[in-house]
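**Student:** File protein_38.txt below, compact mmCIF, C-alpha atoms:
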# COMPACT_ATOMS: atom_id res chain seq x y z
CA MET A 18 -1.85 22.05 7.26
CA ASN A 19 -5.49 21.39 6.37
CA GLY A 20 -6.48 19.62 9.58
CA ASN A 21 -6.71 16.18 7.95
CA GLY A 22 -3.04 15.32 8.21
CA GLN A 23 0.13 15.76 10.19
CA SER A 24 3.44 17.33 9.29
CA PHE A 25 6.46 15.06 9.25
CA LYS A 26 9.70 16.98 8.93
CA GLY A 27 12.89 15.67 7.40
CA VAL A 28 16.42 16.82 8.05
CA ARG A 29 15.93 20.13 6.28
CA HIS A 30 12.80 22.18 5.71
CA GLY A 31 11.37 23.93 2.72
CA ASP A 32 7.94 24.22 1.15
CA ILE A 33 5.46 21.74 2.61
CA CYS A 34 4.41 19.00 0.21
CA THR A 35 1.64 16.43 0.67
CA MET A 36 1.74 12.64 0.90
CA ALA A 37 -1.43 10.49 1.00
CA TYR A 38 -1.54 7.08 2.67
CA LEU A 39 -4.08 4.52 3.88
CA GLY A 40 -5.27 5.81 7.25
CA PRO A 41 -6.30 6.54 9.86
CA ARG A 42 -3.25 7.32 11.97
CA GLY A 43 -1.59 4.24 13.42
CA THR A 44 -1.66 2.12 10.25
CA TYR A 45 1.29 0.37 8.69
CA GLY A 46 0.73 2.77 5.80
CA GLU A 47 1.51 5.68 8.12
CA GLN A 48 4.75 3.98 9.19
CA ALA A 49 5.73 3.60 5.53
CA ALA A 50 4.75 7.20 4.78
CA LYS A 51 6.94 8.53 7.60
CA ALA A 52 9.87 6.49 6.30
CA PHE A 53 9.42 7.80 2.76
CA ALA A 54 8.98 11.37 4.03
CA SER A 55 12.34 11.19 5.82
CA ARG A 56 14.05 11.01 2.41
CA TYR A 57 12.98 14.52 1.35
CA GLU A 58 14.31 18.02 1.99
CA SER A 59 10.85 19.53 2.37
CA SER A 60 8.43 19.10 5.24
CA ILE A 61 5.81 16.56 4.22
CA GLU A 62 2.18 16.80 5.29
CA LEU A 63 0.87 13.26 5.75
CA ILE A 64 -2.77 12.87 4.73
CA PRO A 65 -4.66 9.74 5.84
CA CYS A 66 -7.28 8.38 3.43
CA PRO A 67 -10.12 5.92 4.17
CA SER A 68 -9.27 3.41 1.42
CA ILE A 69 -6.53 2.47 -1.02
CA SER A 70 -8.67 3.75 -3.89
CA ASP A 71 -8.94 7.11 -2.16
CA VAL A 72 -5.17 7.19 -1.77
CA TYR A 73 -4.67 6.44 -5.45
CA SER A 74 -7.03 9.19 -6.63
CA HIS A 75 -5.84 11.81 -4.11
CA PRO A 76 -4.26 14.96 -5.63
CA ALA A 77 -1.31 14.80 -3.21
CA ASP A 78 2.22 15.30 -4.50
CA LEU A 79 3.13 11.81 -3.30
CA ILE A 80 1.09 8.70 -2.51
CA VAL A 81 1.95 5.49 -0.62
CA LEU A 82 0.47 2.15 -1.71
CA PRO A 83 0.89 -1.36 -0.23
CA LEU A 84 1.88 -3.66 -3.10
CA GLU A 85 2.44 -7.16 -1.74
CA ASN A 86 2.87 -9.22 1.40
CA THR A 87 5.01 -12.22 2.29
CA LEU A 88 2.02 -14.37 3.26
CA GLN A 89 -0.87 -13.00 1.19
CA GLY A 90 0.81 -11.90 -2.04
CA GLY A 91 -0.45 -8.95 -4.06
CA VAL A 92 -2.84 -6.39 -2.56
CA PHE A 93 -5.80 -6.60 -4.93
CA GLU A 94 -7.10 -3.05 -4.45
CA THR A 95 -3.66 -1.61 -5.17
CA LEU A 96 -3.19 -3.78 -8.26
CA ASP A 97 -6.62 -2.86 -9.62
CA ASN A 98 -5.96 0.85 -9.17
CA ILE A 99 -2.50 0.79 -10.72
CA LEU A 100 -3.73 -1.27 -13.69
CA SER A 101 -6.64 1.14 -14.25
CA ILE A 102 -4.16 3.21 -16.28
CA LEU A 103 -4.93 0.76 -19.10
CA THR A 104 -8.52 2.04 -19.33
CA PRO A 105 -9.31 4.79 -21.87
CA PRO A 106 -8.54 8.28 -20.52
CA SER A 107 -11.35 10.52 -19.34
CA GLU A 108 -11.64 14.24 -18.65
CA SER A 109 -12.18 13.85 -14.90
CA SER A 110 -9.81 15.54 -12.46
CA LYS A 111 -9.20 12.16 -10.83
CA ASP A 112 -7.97 10.76 -14.13
CA ALA A 113 -5.60 13.69 -14.55
CA TYR A 114 -3.94 12.88 -11.23
CA THR A 115 -3.74 9.11 -11.63
CA ARG A 116 -2.28 9.23 -15.15
CA ASN A 117 0.58 11.43 -14.08
CA ARG A 118 2.06 9.22 -11.38
CA ARG A 119 5.40 7.44 -11.43
CA ILE A 120 6.80 4.84 -9.03
CA VAL A 121 10.03 6.21 -7.53
CA MET A 122 10.80 4.32 -4.30
CA ASP A 123 9.96 1.23 -2.27
CA LEU A 124 10.45 -0.34 1.15
CA ALA A 125 9.76 -3.64 2.89
CA LEU A 126 8.07 -2.99 6.24
CA PRO A 127 8.17 -5.71 8.94
CA ILE A 128 4.58 -6.62 9.84
CA ARG A 129 3.69 -7.86 13.31
CA HIS A 130 -0.03 -7.92 14.00
CA CYS A 131 -1.60 -7.54 17.43
CA LEU A 132 -5.01 -8.61 18.65
CA VAL A 133 -6.40 -5.38 20.14
CA VAL A 134 -9.55 -4.97 22.24
CA ARG A 135 -11.27 -2.40 24.41
CA LYS A 136 -9.80 -2.52 27.89
CA GLY A 137 -11.31 -5.26 30.02
CA THR A 138 -12.27 -7.57 27.15
CA LYS A 139 -11.12 -11.17 27.59
CA LEU A 140 -10.01 -13.49 24.80
CA GLU A 141 -12.81 -16.00 25.45
CA ASP A 142 -15.44 -13.25 25.21
CA ILE A 143 -14.54 -12.11 21.69
CA ARG A 144 -17.32 -12.75 19.18
CA TRP A 145 -15.97 -10.96 16.10
CA VAL A 146 -12.63 -9.80 14.72
CA ARG A 147 -12.19 -7.15 12.04
CA SER A 148 -9.22 -5.86 10.08
CA HIS A 149 -7.96 -5.34 6.55
CA GLU A 150 -8.32 -8.51 4.49
CA GLN A 151 -4.54 -8.85 4.28
CA ALA A 152 -4.15 -8.86 8.07
CA LEU A 153 -7.01 -11.33 8.45
CA GLY A 154 -5.40 -13.66 5.92
CA GLN A 155 -1.96 -13.37 7.51
CA SER A 156 -3.49 -14.26 10.89
CA SER A 157 -5.92 -16.93 9.70
CA LEU A 158 -4.14 -19.78 11.52
CA PHE A 159 -4.22 -17.87 14.82
CA LEU A 160 -7.88 -17.00 14.38
CA SER A 161 -8.96 -20.55 13.57
CA GLU A 162 -7.03 -21.99 16.53
CA HIS A 163 -7.72 -19.41 19.23
CA LEU A 164 -10.95 -17.71 18.13
CA PRO A 165 -12.98 -20.30 16.21
CA GLN A 166 -16.19 -18.78 17.58
CA ALA A 167 -15.44 -15.31 16.19
CA THR A 168 -16.97 -13.90 13.03
CA ILE A 169 -14.37 -12.50 10.62
CA GLN A 170 -15.11 -8.98 9.32
CA PRO A 171 -13.00 -7.36 6.57
CA TYR A 172 -12.39 -3.64 7.11
CA PRO A 173 -10.72 -0.95 4.94
CA SER A 174 -7.66 -0.59 7.22
CA THR A 175 -6.05 -2.20 10.26
CA ALA A 176 -5.96 0.93 12.42
CA GLY A 177 -9.45 1.87 11.30
CA ALA A 178 -10.67 -1.48 12.60
CA ALA A 179 -9.10 -0.74 15.99
CA VAL A 180 -10.61 2.75 16.15
CA SER A 181 -14.04 1.31 15.32
CA LEU A 182 -13.94 -0.61 18.62
CA LEU A 183 -14.31 2.72 20.41
CA SER A 184 -17.60 3.57 18.65
CA PRO A 185 -19.44 0.27 18.20
CA THR A 186 -22.58 0.21 16.10
CA SER A 187 -25.83 -1.27 17.36
CA GLU A 188 -25.00 -4.41 15.35
CA ASP A 189 -21.59 -4.63 17.03
CA ILE A 190 -23.15 -4.34 20.49
CA ALA A 191 -25.76 -6.97 19.69
CA ALA A 192 -23.09 -9.39 18.44
CA GLY A 193 -20.99 -9.06 21.60
CA PRO A 194 -17.41 -7.97 22.35
CA GLY A 195 -15.11 -7.59 19.34
CA ALA A 196 -11.43 -7.24 18.51
CA ALA A 197 -9.18 -5.87 15.78
CA LEU A 198 -5.91 -6.91 14.17
CA CYS A 199 -3.50 -4.02 13.74
CA SER A 200 -0.09 -2.61 14.52
CA LYS A 201 0.93 -2.06 18.13
CA GLY A 202 1.48 1.56 17.10
CA ILE A 203 -2.23 2.23 17.63
CA MET A 204 -1.62 1.99 21.38
CA GLY A 205 0.32 5.24 21.27
CA LEU A 206 -2.86 6.98 20.16
CA TYR A 207 -5.38 5.29 22.46
CA PRO A 208 -3.45 4.04 25.53
CA ASP A 209 -6.39 4.55 27.92
CA GLU A 210 -9.07 2.93 25.76
CA LEU A 211 -7.43 -0.05 24.06
CA GLU A 212 -5.14 -2.91 25.08
CA VAL A 213 -3.17 -5.64 23.34
CA LEU A 214 -4.24 -9.19 24.18
CA VAL A 215 -1.86 -11.01 21.83
CA GLU A 216 1.23 -9.87 19.92
CA GLY A 217 2.40 -11.60 16.75
CA THR A 218 -0.78 -13.17 15.38
CA GLN A 219 0.67 -13.53 11.85
CA ALA A 220 1.61 -17.05 10.74
CA ILE A 221 5.38 -16.38 10.50
CA GLU A 222 7.83 -13.99 12.10
CA ASN A 223 9.52 -12.86 8.88
CA ASN A 224 6.40 -11.20 7.53
CA PHE A 225 6.79 -8.08 5.37
CA THR A 226 4.60 -5.77 3.33
CA ARG A 227 6.21 -3.95 0.45
CA PHE A 228 5.10 -0.36 -0.10
CA LEU A 229 5.55 1.79 -3.19
CA LEU A 230 5.94 5.56 -3.30
CA LEU A 231 4.47 7.29 -6.36
CA GLU A 232 5.10 10.92 -7.24
CA ARG A 233 3.17 13.29 -9.46
CA ASN A 234 5.08 14.21 -12.61
CA HIS A 235 6.68 17.64 -12.52
CA LYS A 236 5.44 18.33 -8.98
CA SER A 237 7.45 16.47 -6.40
CA PRO A 238 9.76 17.54 -3.55
CA THR A 239 13.54 17.25 -3.81
CA PRO A 240 15.03 14.10 -2.28
CA LEU A 241 17.88 14.41 0.16
CA SER A 242 21.22 13.92 -1.58
CA ASN A 243 22.96 11.98 1.19
CA HIS A 244 21.41 8.61 0.32
CA PRO A 245 22.89 6.29 -2.29
CA PRO A 246 20.63 5.10 -5.11
CA ASN A 247 18.95 1.71 -4.91
CA PRO A 248 21.63 -0.83 -5.94
CA SER A 249 19.03 -3.11 -7.53
CA PRO A 250 16.28 -0.92 -9.02
CA THR A 251 13.35 -2.47 -10.82
CA GLN A 252 10.90 -1.16 -13.41
CA PHE A 253 7.14 -1.58 -13.52
CA PHE A 254 4.85 -1.99 -16.54
CA ALA A 255 1.11 -2.41 -17.00
CA LEU A 256 0.31 -4.91 -19.78
CA ARG A 257 -2.96 -5.67 -21.51
CA ASN A 258 -1.86 -9.04 -22.86
CA PRO A 259 0.66 -11.66 -21.66
CA SER A 260 2.10 -11.87 -25.17
CA LEU A 261 3.69 -8.47 -24.49
CA LEU A 262 5.98 -10.16 -21.99
CA VAL A 263 8.03 -11.62 -24.83
CA PRO A 264 9.52 -8.35 -26.13
CA LEU A 265 9.65 -6.87 -22.64
CA LEU A 266 11.69 -9.74 -21.24
CA SER A 267 14.06 -9.95 -24.21
CA ASN A 268 16.38 -7.52 -22.39
CA SER A 269 15.18 -7.88 -18.81
CA THR A 270 14.71 -10.50 -16.11
CA PRO A 271 11.23 -10.84 -14.56
CA ILE A 272 10.98 -10.09 -10.85
CA ALA A 273 7.22 -10.45 -10.41
CA ILE A 274 4.07 -10.74 -12.53
CA HIS A 275 0.72 -9.89 -10.89
CA SER A 276 -2.47 -10.60 -12.84
CA ARG A 277 -5.94 -9.22 -12.19
CA PRO A 278 -9.26 -9.70 -14.00
CA CYS A 279 -10.03 -6.93 -16.49
CA PRO A 280 -12.78 -4.51 -15.48
CA PRO A 281 -16.20 -5.32 -17.04
CA ASN A 282 -15.99 -2.37 -19.46
CA SER A 283 -12.62 -3.42 -20.91
CA LYS A 284 -14.24 -4.99 -24.05
CA ASP A 285 -11.73 -7.84 -23.89
CA GLU A 286 -13.22 -10.88 -25.64
CA ARG A 287 -10.99 -13.51 -24.04
CA GLN A 288 -12.78 -16.06 -21.86
CA PHE A 289 -10.61 -15.14 -18.88
CA PRO A 290 -9.46 -11.59 -19.59
CA ALA A 291 -6.73 -10.26 -17.36
CA TRP A 292 -4.28 -7.39 -17.10
CA TYR A 293 -0.76 -7.70 -15.75
CA LEU A 294 1.47 -5.64 -13.50
CA THR A 295 4.99 -6.72 -14.39
CA GLU A 296 8.19 -5.93 -12.52
CA VAL A 297 11.56 -6.43 -14.21
CA ASP A 298 15.17 -5.63 -13.47
CA VAL A 299 16.85 -2.66 -15.14
CA LYS A 300 19.32 -4.38 -17.46
CA ALA A 301 17.63 -3.02 -20.56
CA GLY A 302 18.45 0.61 -19.88
CA ARG A 303 15.91 3.18 -18.83
CA GLN A 304 15.77 5.10 -22.07
CA GLN A 305 14.10 2.25 -23.93
CA HIS A 306 11.10 2.12 -21.61
CA GLU A 307 10.39 5.59 -20.30
CA GLY A 308 8.82 6.58 -23.60
CA THR A 309 6.19 3.88 -23.17
CA SER A 310 3.64 6.18 -21.59
CA ALA A 311 -0.13 5.91 -21.41
CA GLU A 312 -0.35 8.21 -24.41
CA ALA A 313 2.22 6.29 -26.46
CA SER A 314 0.80 2.80 -26.03
CA ALA A 315 -2.60 1.52 -24.98
CA GLU A 316 -1.14 -1.99 -24.65
CA MET A 317 1.89 -1.45 -22.42
CA VAL A 318 2.44 1.45 -20.01
CA TYR A 319 5.68 2.23 -18.20
CA LEU A 320 4.90 3.00 -14.53
CA GLY A 321 8.26 4.00 -13.10
CA SER A 322 11.31 2.59 -11.37
CA THR A 323 12.38 2.04 -7.76
CA GLU A 324 15.40 4.34 -7.97
CA GLY A 325 15.16 4.82 -4.22
CA ARG A 326 14.84 2.20 -1.49
CA ILE A 327 14.40 2.66 2.26
CA THR A 328 16.83 0.32 4.00
CA PRO A 329 16.06 -1.81 7.08
CA GLU A 330 18.53 0.34 9.01
CA GLU A 331 16.57 3.49 8.13
CA LEU A 332 13.32 1.86 9.23
CA ALA A 333 14.84 0.77 12.52
CA ALA A 334 16.09 4.31 13.19
CA LEU A 335 12.68 5.96 12.82
Give the structure from this file in structure tokens form.

**Tutor:**
Amino acid sequence: MNGNGQSFKGVRHGDICTMAYLGPRGTYGEQAAKAFASRYESSIELIPCPSISDVYSHPADLIVLPLENTLQGGVFETLDNILSILTPPSESSKDAYTRNRRIVMDLALPIRHCLVVRKGTKLEDIRWVRSHEQALGQSSLFLSEHLPQATIQPYPSTAGAAVSLLSPTSEDIAAGPGAALCSKGIMGLYPDELEVLVEGTQAIENNFTRFLLLERNHKSPTPLSNHPPNPSPTQFFALRNPSLLVPLLSNSTPIAIHSRPCPPNSKDERQFPAWYLTEVDVKAGRQQHEGTSAEASAEMVYLGSTEGRITPEELAAL
């Protein structure tokens, strides 16, 4: 272990592999990472990263990315990073890692946000609330009704927002008492410093975030063999142009299409240039698509398939 992560051991143990996720400890990303790690024979060292972009560019054997949420839809930072495979390749070490990733597994994690404060802080005293933009959006109705006086502050991660309450900046102190939206799991790490004022700030109870697990080609641990394959796997593609959907969907059914503006250096001359992350079912047969790599086509890139899926029962057992 390198001191930045924690070891999460599965049923059997072998060589330790690494898995990067959006940290710090206590995030929903850590919960997803532990669930994914339980599917492997090897011990997995979990490595928290400060942002989704840092997760994506990390040289870990496996990385965990939040893809979409019931209330807020696609996670923009994840979509932008995944679609960056459509940019011309470079010689950087970061590019070498990111271009050799494949989606292999997914899960839908129940999301229940809590309003967390430093002990002793009252609801009526809160002057600002920070969290990841997804959590803030999912809890917008609660915030407008119960904390209309509070300033909303986006933060790289939910747990990071909670931890920041323990070391307020001079600006934080000047603004007054603050709060964070995060998982109740953070209380296991800071039981003497933090407390939960409100549980379930999200707009609906059936709120889920879907996470993807990506592995590095030719360097990934061996999955446990006692789990059945995903009965409804899907495939992912990055597309430069929506016209590419026509041949892609000739043998497949669309599951989801996420669009994002092209980066400024894309040299796309359309008035509203966009790239597309497309998810389809697997009717077409895997052999047709797996050859569509970043090297084979600059227009459409095959990104992998959710051959594995963590079930709700597995999540509940962790």

**Student:** Neighbours of region 216-231 of chain A within 6 Å (all atoms listed in the file; same-chain residues fewer than 2 positions away dropped), as a PyMOL selection string?

**Tutor:** chain A and resi 79-87+118-131+155-156+159

**Student:** Return the single residue from A:Thr44, A:Ser322, A:Thr295, A:Thr239 that is closest to Ala179 (chain A), with distances computed using only C-alpha atoms.

**Tutor:**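 Ranked by minimum distance to Ala179 (chain A), first place goes to A:Thr44.
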
**Student:** Go through A:Gln166, A:Gly46, A:Val134, A:Glu210 one by one, measure the shortest atom-to-atom distance of each to His149 (chain A) using only C-alpha atoms, and give the residue with the smallest value.

**Tutor:**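 Of A:Gln166, A:Gly46, A:Val134, A:Glu210, the one nearest His149 (chain A), counting only C-alpha atoms, is A:Gly46.
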
**Student:** Compare A:Leu63, A:Ile99, A:Ala54, A:Ala273 by their minimum atom-to-atom distance to Ala255 (chain A), counting all atoms listed in the file, and give me the closest one.

**Tutor:**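 Closest candidate: A:Ile99.
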
**Student:** Taking 4 positions as the minimum chain separation for residues in the same chain, which residues sit within 8 Å of Leu294 (chain A) when counting only C-alpha atoms? Answer as a ChimeraX atom specification.

**Tutor:** /A:96,100,253-256,274-276

**Student:** Do you know which residues are at most 12 Å from Asn243 (chain A) counting all atoms listed in the file, after dropping those on the same chain fewer than 3 positions away, and could you put them as a list in words?

**Tutor:** Val28, Arg29, Ser55, Arg56, Tyr57, Glu58, Thr239, Pro240, Pro246 and Gly325 of chain A

**Student:** Measuring atom to atom with only C-alpha atoms, identify which of A:Val318, A:Ala192, A:Ile33, A:Ile272 is nearest to Val299 (chain A).

**Tutor:**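 Nearest to Val299 (chain A): A:Ile272.
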
**Student:** Determine the nearest neighbour of Tyr38 (chain A) from the options A:Leu262, A:Val297, A:Thr95, A:Ser59, counting all atoms listed in the file.

**Tutor:** A:Thr95

**Student:** Go through A:Leu88, A:Leu103, A:Val133, A:Leu214 one by one, measure the shortest atom-to-atom distance of each to Ala152 (chain A) using only C-alpha atoms, and give the residue with the smallest value.

**Tutor:** A:Leu88

**Student:** Calculate how many Å separate CA of Ser187 (chain A) from CA of Glu141 (chain A), rounding to one decimal.

**Tutor:**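 The value is 21.3 Å.
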
**Student:** Which residues, written as a PDB file with C-alpha atoms, in the coordinates of the input, have at least one atom at most 8 Å from region 66-75 of chain A, with only C-alpha atoms counted and residues fewer than 6 positions away on the same chain left out?

**Tutor:**
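To be explicit, this is the file written out as out.pdb:
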ATOM      1  CA  ALA A  37      -1.430  10.490   1.000  1.00  0.00           C
ATOM      2  CA  TYR A  38      -1.540   7.080   2.670  1.00  0.00           C
ATOM      3  CA  LEU A  39      -4.080   4.520   3.880  1.00  0.00           C
ATOM      4  CA  GLY A  40      -5.270   5.810   7.250  1.00  0.00           C
ATOM      5  CA  PRO A  41      -6.300   6.540   9.860  1.00  0.00           C
ATOM      6  CA  VAL A  81       1.950   5.490  -0.620  1.00  0.00           C
ATOM      7  CA  LEU A  82       0.470   2.150  -1.710  1.00  0.00           C
ATOM      8  CA  GLU A  94      -7.100  -3.050  -4.450  1.00  0.00           C
ATOM      9  CA  THR A  95      -3.660  -1.610  -5.170  1.00  0.00           C
ATOM     10  CA  ASN A  98      -5.960   0.850  -9.170  1.00  0.00           C
ATOM     11  CA  LYS A 111      -9.200  12.160 -10.830  1.00  0.00           C
ATOM     12  CA  ASP A 112      -7.970  10.760 -14.130  1.00  0.00           C
ATOM     13  CA  TYR A 114      -3.940  12.880 -11.230  1.00  0.00           C
ATOM     14  CA  THR A 115      -3.740   9.110 -11.630  1.00  0.00           C
ATOM     15  CA  PRO A 173     -10.720  -0.950   4.940  1.00  0.00           C
ATOM     16  CA  SER A 174      -7.660  -0.590   7.220  1.00  0.00           C
TER      17      SER A 174
END

**Student:** Could you work out how far CA of Asn234 (chain A) lies from CA of Cys279 (chain A), giving the answer in Å with one decimal?

**Tutor:** 26.3 Å

**Student:** What separation in Å, quoted to one decimal, exists between CA of Ser181 (chain A) and CA of Ser157 (chain A)?

**Tutor:**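 CA of Ser157 (chain A) lies 20.7 Å from CA of Ser181 (chain A).
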
**Student:** Kindly reconstruct region 217-226 of chain A with all heavy atoms and present the result as a PDB file, keeping the file's coordinate frame.

**Tutor:**
ATOM      1  N   GLY A 217       1.859 -10.643  17.710  1.00  0.00           N
ATOM      2  CA  GLY A 217       2.400 -11.600  16.750  1.00  0.00           C
ATOM      3  C   GLY A 217       1.407 -12.641  16.292  1.00  0.00           C
ATOM      4  O   GLY A 217       1.692 -13.843  16.336  1.00  0.00           O
ATOM      5  N   THR A 218       0.240 -12.215  15.825  1.00  0.00           N
ATOM      6  CA  THR A 218      -0.780 -13.170  15.380  1.00  0.00           C
ATOM      7  C   THR A 218      -0.529 -13.688  13.967  1.00  0.00           C
ATOM      8  O   THR A 218      -1.173 -14.651  13.537  1.00  0.00           O
ATOM      9  CB  THR A 218      -2.172 -12.528  15.419  1.00  0.00           C
ATOM     10  OG1 THR A 218      -2.204 -11.414  14.504  1.00  0.00           O
ATOM     11  CG2 THR A 218      -2.518 -12.038  16.819  1.00  0.00           C
ATOM     12  N   GLN A 219       0.388 -13.071  13.218  1.00  0.00           N
ATOM     13  CA  GLN A 219       0.670 -13.530  11.850  1.00  0.00           C
ATOM     14  C   GLN A 219       1.313 -14.904  11.890  1.00  0.00           C
ATOM     15  O   GLN A 219       1.907 -15.311  12.878  1.00  0.00           O
ATOM     16  CB  GLN A 219       1.559 -12.524  11.109  1.00  0.00           C
ATOM     17  CG  GLN A 219       3.001 -12.468  11.570  1.00  0.00           C
ATOM     18  CD  GLN A 219       3.218 -11.734  12.880  1.00  0.00           C
ATOM     19  OE1 GLN A 219       2.344 -11.007  13.338  1.00  0.00           O
ATOM     20  NE2 GLN A 219       4.393 -11.919  13.487  1.00  0.00           N
ATOM     21  N   ALA A 220       1.208 -15.648  10.771  1.00  0.00           N
ATOM     22  CA  ALA A 220       1.610 -17.050  10.740  1.00  0.00           C
ATOM     23  C   ALA A 220       3.116 -17.244  10.874  1.00  0.00           C
ATOM     24  O   ALA A 220       3.563 -18.291  11.346  1.00  0.00           O
ATOM     25  CB  ALA A 220       1.110 -17.709   9.458  1.00  0.00           C
ATOM     26  N   ILE A 221       3.922 -16.277  10.428  1.00  0.00           N
ATOM     27  CA  ILE A 221       5.380 -16.380  10.500  1.00  0.00           C
ATOM     28  C   ILE A 221       5.967 -15.093  11.036  1.00  0.00           C
ATOM     29  O   ILE A 221       5.344 -14.026  10.951  1.00  0.00           O
ATOM     30  CB  ILE A 221       5.992 -16.712   9.111  1.00  0.00           C
ATOM     31  CG1 ILE A 221       5.669 -15.603   8.108  1.00  0.00           C
ATOM     32  CG2 ILE A 221       5.543 -18.073   8.609  1.00  0.00           C
ATOM     33  CD1 ILE A 221       6.347 -15.778   6.758  1.00  0.00           C
ATOM     34  N   GLU A 222       7.175 -15.174  11.559  1.00  0.00           N
ATOM     35  CA  GLU A 222       7.830 -13.990  12.100  1.00  0.00           C
ATOM     36  C   GLU A 222       8.348 -13.076  10.998  1.00  0.00           C
ATOM     37  O   GLU A 222       8.249 -11.855  11.089  1.00  0.00           O
ATOM     38  CB  GLU A 222       8.976 -14.398  13.033  1.00  0.00           C
ATOM     39  CG  GLU A 222       8.505 -14.910  14.389  1.00  0.00           C
ATOM     40  CD  GLU A 222       7.731 -13.852  15.174  1.00  0.00           C
ATOM     41  OE1 GLU A 222       8.178 -12.689  15.215  1.00  0.00           O
ATOM     42  OE2 GLU A 222       6.672 -14.191  15.723  1.00  0.00           O
ATOM     43  N   ASN A 223       8.947 -13.667   9.973  1.00  0.00           N
ATOM     44  CA  ASN A 223       9.520 -12.860   8.880  1.00  0.00           C
ATOM     45  C   ASN A 223       8.430 -12.488   7.880  1.00  0.00           C
ATOM     46  O   ASN A 223       8.390 -12.977   6.752  1.00  0.00           O
ATOM     47  CB  ASN A 223      10.650 -13.631   8.197  1.00  0.00           C
ATOM     48  CG  ASN A 223      11.850 -13.789   9.103  1.00  0.00           C
ATOM     49  OD1 ASN A 223      12.176 -12.898   9.875  1.00  0.00           O
ATOM     50  ND2 ASN A 223      12.512 -14.936   9.017  1.00  0.00           N
ATOM     51  N   ASN A 224       7.554 -11.621   8.320  1.00  0.00           N
ATOM     52  CA  ASN A 224       6.400 -11.200   7.530  1.00  0.00           C
ATOM     53  C   ASN A 224       6.592  -9.730   7.150  1.00  0.00           C
ATOM     54  O   ASN A 224       6.806  -8.882   8.015  1.00  0.00           O
ATOM     55  CB  ASN A 224       5.120 -11.374   8.341  1.00  0.00           C
ATOM     56  CG  ASN A 224       3.878 -11.015   7.564  1.00  0.00           C
ATOM     57  OD1 ASN A 224       3.784 -11.252   6.363  1.00  0.00           O
ATOM     58  ND2 ASN A 224       2.898 -10.441   8.244  1.00  0.00           N
ATOM     59  N   PHE A 225       6.540  -9.430   5.854  1.00  0.00           N
ATOM     60  CA  PHE A 225       6.790  -8.080   5.370  1.00  0.00           C
ATOM     61  C   PHE A 225       5.704  -7.656   4.389  1.00  0.00           C
ATOM     62  O   PHE A 225       5.153  -8.482   3.655  1.00  0.00           O
ATOM     63  CB  PHE A 225       8.153  -7.993   4.666  1.00  0.00           C
ATOM     64  CG  PHE A 225       9.324  -8.305   5.536  1.00  0.00           C
ATOM     65  CD1 PHE A 225       9.761  -9.612   5.697  1.00  0.00           C
ATOM     66  CD2 PHE A 225       9.994  -7.294   6.214  1.00  0.00           C
ATOM     67  CE1 PHE A 225      10.845  -9.912   6.509  1.00  0.00           C
ATOM     68  CE2 PHE A 225      11.080  -7.580   7.034  1.00  0.00           C
ATOM     69  CZ  PHE A 225      11.504  -8.896   7.180  1.00  0.00           C
ATOM     70  N   THR A 226       5.423  -6.370   4.386  1.00  0.00           N
ATOM     71  CA  THR A 226       4.600  -5.770   3.330  1.00  0.00           C
ATOM     72  C   THR A 226       5.463  -4.761   2.581  1.00  0.00           C
ATOM     73  O   THR A 226       6.124  -3.921   3.202  1.00  0.00           O
ATOM     74  CB  THR A 226       3.348  -5.082   3.891  1.00  0.00           C
ATOM     75  OG1 THR A 226       2.480  -6.080   4.425  1.00  0.00           O
ATOM     76  CG2 THR A 226       2.606  -4.325   2.788  1.00  0.00           C
TER      77      THR A 226
END
